[in-house]
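Trainee: Just passing along the structure, written as structure tokens.
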Amino acid sequence: MALDRGERENLIQQSADGPVRLRAALAAVPQEALRWCPRAGEWSVHEVVCHCADSEANSYSRIRYVIAEKEPTIVGYDQDNWARVFDYHARPLEPALAVVEAVCASESELLQALGHIRLDEKIWKV
């Protein structure tokens, strides 16, 4: 899918704004509702925030492999298993939010820079 410069900039900005929007949405949730699950097999708000940190961390690695490696292998993960194994409800929210903020800031900067990066046989035209 080809994007013009304005569309690309808009998408990068939306991504960069994600952590602020996540914190604002989280602030609207009453403390006693953070761990409430709508039904079995669905996640609480607390679990969603922890998942955002893991998802952003995975994205951080993936984009770098795609850019830097000649034949990148993108490894998937079972998000429901991660929620169980890492016991998201036992994890504090503030470090998860800090991960989201740091990774989004780094990715936004990298995505902005892609228009100026020349990598071996890959030339990014954006």
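For the structure tokens, the naming scheme is as follows: chains receive sequential letters (A, B, ...) according to their order of presentation, residues are indexed from 1 within each chain, and ligands are indexed from 1 in presentation order.
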Find the residues around A:Thr73 up to 12 Å (only C-alpha atoms counted), leave out those fewer than 4 positions away in its own chain, and share them as a PyMOL selection string.
Mentor: chain A and resi 61-69
Trainee: Set out as a tab-separated table a contact list for stretch 11-62 of chain A and stretch 106-112 of chain A with a cut-off of 9 Å, giving each residue of stretch 11-62 of chain A that qualifies its closest atom pair and distance in Å to one decimal, counting only C-alpha atoms, ordered by chain and rising residue number.
Mentor:
```
residue	atom	partner	partner_atom	distance
A:Ile12	CA	A:Ser108	CA	6.0
A:Gln13	CA	A:Ser108	CA	7.5
A:Ser15	CA	A:Ser108	CA	7.0
A:Ala16	CA	A:Ser108	CA	5.7
A:Ser59	CA	A:Glu107	CA	8.8
A:Tyr60	CA	A:Glu107	CA	6.7
```
Trainee: Just the residues within 9 Å of A:Gly18, please, counting only C-alpha atoms, with nothing from its chain fewer than 5 positions along; format it as an NGL selection string.
Mentor: :A and (13 or 23 or 100-101 or 104)
Trainee: Limited to C-alpha atoms, could you put the picked residues into a file as an mmCIF file, in the first residue's frame?
Mentor:
```cif
data_model
loop_
_atom_site.group_PDB
_atom_site.id
_atom_site.type_symbol
_atom_site.label_atom_id
_atom_site.label_comp_id
_atom_site.auth_asym_id
_atom_site.auth_seq_id
_atom_site.Cartn_x
_atom_site.Cartn_y
_atom_site.Cartn_z
ATOM 1 C CA GLN A 13 2.013 10.759 14.636
ATOM 2 C CA ARG A 23 -2.812 6.914 29.758
ATOM 3 C CA VAL A 100 4.908 1.589 25.860
ATOM 4 C CA GLU A 101 6.104 5.198 26.094
ATOM 5 C CA CYS A 104 6.674 4.265 20.862
#
```
Trainee: Name the residues of chain A that come out as strand (DSSP E) in a backbone DSSP run; write them as a list in words.
Mentor: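 Assigned to strand (DSSP E), within chain A: Arg118, Leu119, Lys122 and Ile123 of chain A.
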Trainee: Residues of the last selection are to be written out with N, CA and C atoms, as a short mmCIF file (atom, residue, chain, number, x, y, z; two decimals), in the first residue's frame.
Mentor:
```cif
data_model
loop_
_atom_site.label_atom_id
_atom_site.label_comp_id
_atom_site.auth_asym_id
_atom_site.auth_seq_id
_atom_site.Cartn_x
_atom_site.Cartn_y
_atom_site.Cartn_z
N ARG A 118 19.81 4.40 4.19
CA ARG A 118 20.13 3.50 3.08
C ARG A 118 20.76 2.26 3.70
N LEU A 119 20.18 1.12 3.43
CA LEU A 119 20.63 -0.13 4.04
C LEU A 119 21.00 -1.14 2.95
N LYS A 122 18.64 -2.61 0.45
CA LYS A 122 17.31 -2.01 0.66
C LYS A 122 17.45 -0.50 0.65
N ILE A 123 16.70 0.13 -0.18
CA ILE A 123 16.63 1.58 -0.16
C ILE A 123 15.19 1.94 0.16
#
```
Trainee: Go through A:His46, A:Lys70, A:Arg8, A:Arg84 one by one, measure the shortest atom-to-atom distance of each to A:Pro30 using only C-alpha atoms, and give the residue with the smallest value.
Mentor: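 With only C-alpha atoms as the atom set, the closest residue is A:His46.
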Trainee: So the first atom is atom CA of A:Ser55 and the second is atom CA of A:Ala40; what is the distance between them in Å, to one decimal place?
Mentor: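 According to the coordinates, atom CA of A:Ser55 and atom CA of A:Ala40 are separated by 21.8 Å.
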Trainee: Can you list, as a VMD selection string, all residues belonging to stretch 18-101 of chain A that DSSP tags as helix (DSSP H, G or I)?
Mentor: chain A and resid 18 to 27 31 to 33 45 to 68 79 to 85 88 to 90 93 to 101
Trainee: Using only C-alpha atoms for the distances, tell me which of A:Asp87, A:Glu42, A:Asp78, A:Glu9 is nearest to A:Leu114.
Mentor: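 Nearest to A:Leu114: A:Glu9.
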Trainee: Counting only C-alpha atoms, figure out which residue out of A:Asn81, A:Glu56, A:Cys50, A:Val45 gets nearest to A:Ala105.
Mentor: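 Among the listed residues, the smallest separation from A:Ala105 belongs to A:Glu56.
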Trainee: In Å to one decimal, how far is atom CA of A:Val49 from atom CA of A:Ala96?
Mentor: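 Straight-line distance from atom CA of A:Ala96 to atom CA of A:Val49 works out to 6.8 Å.
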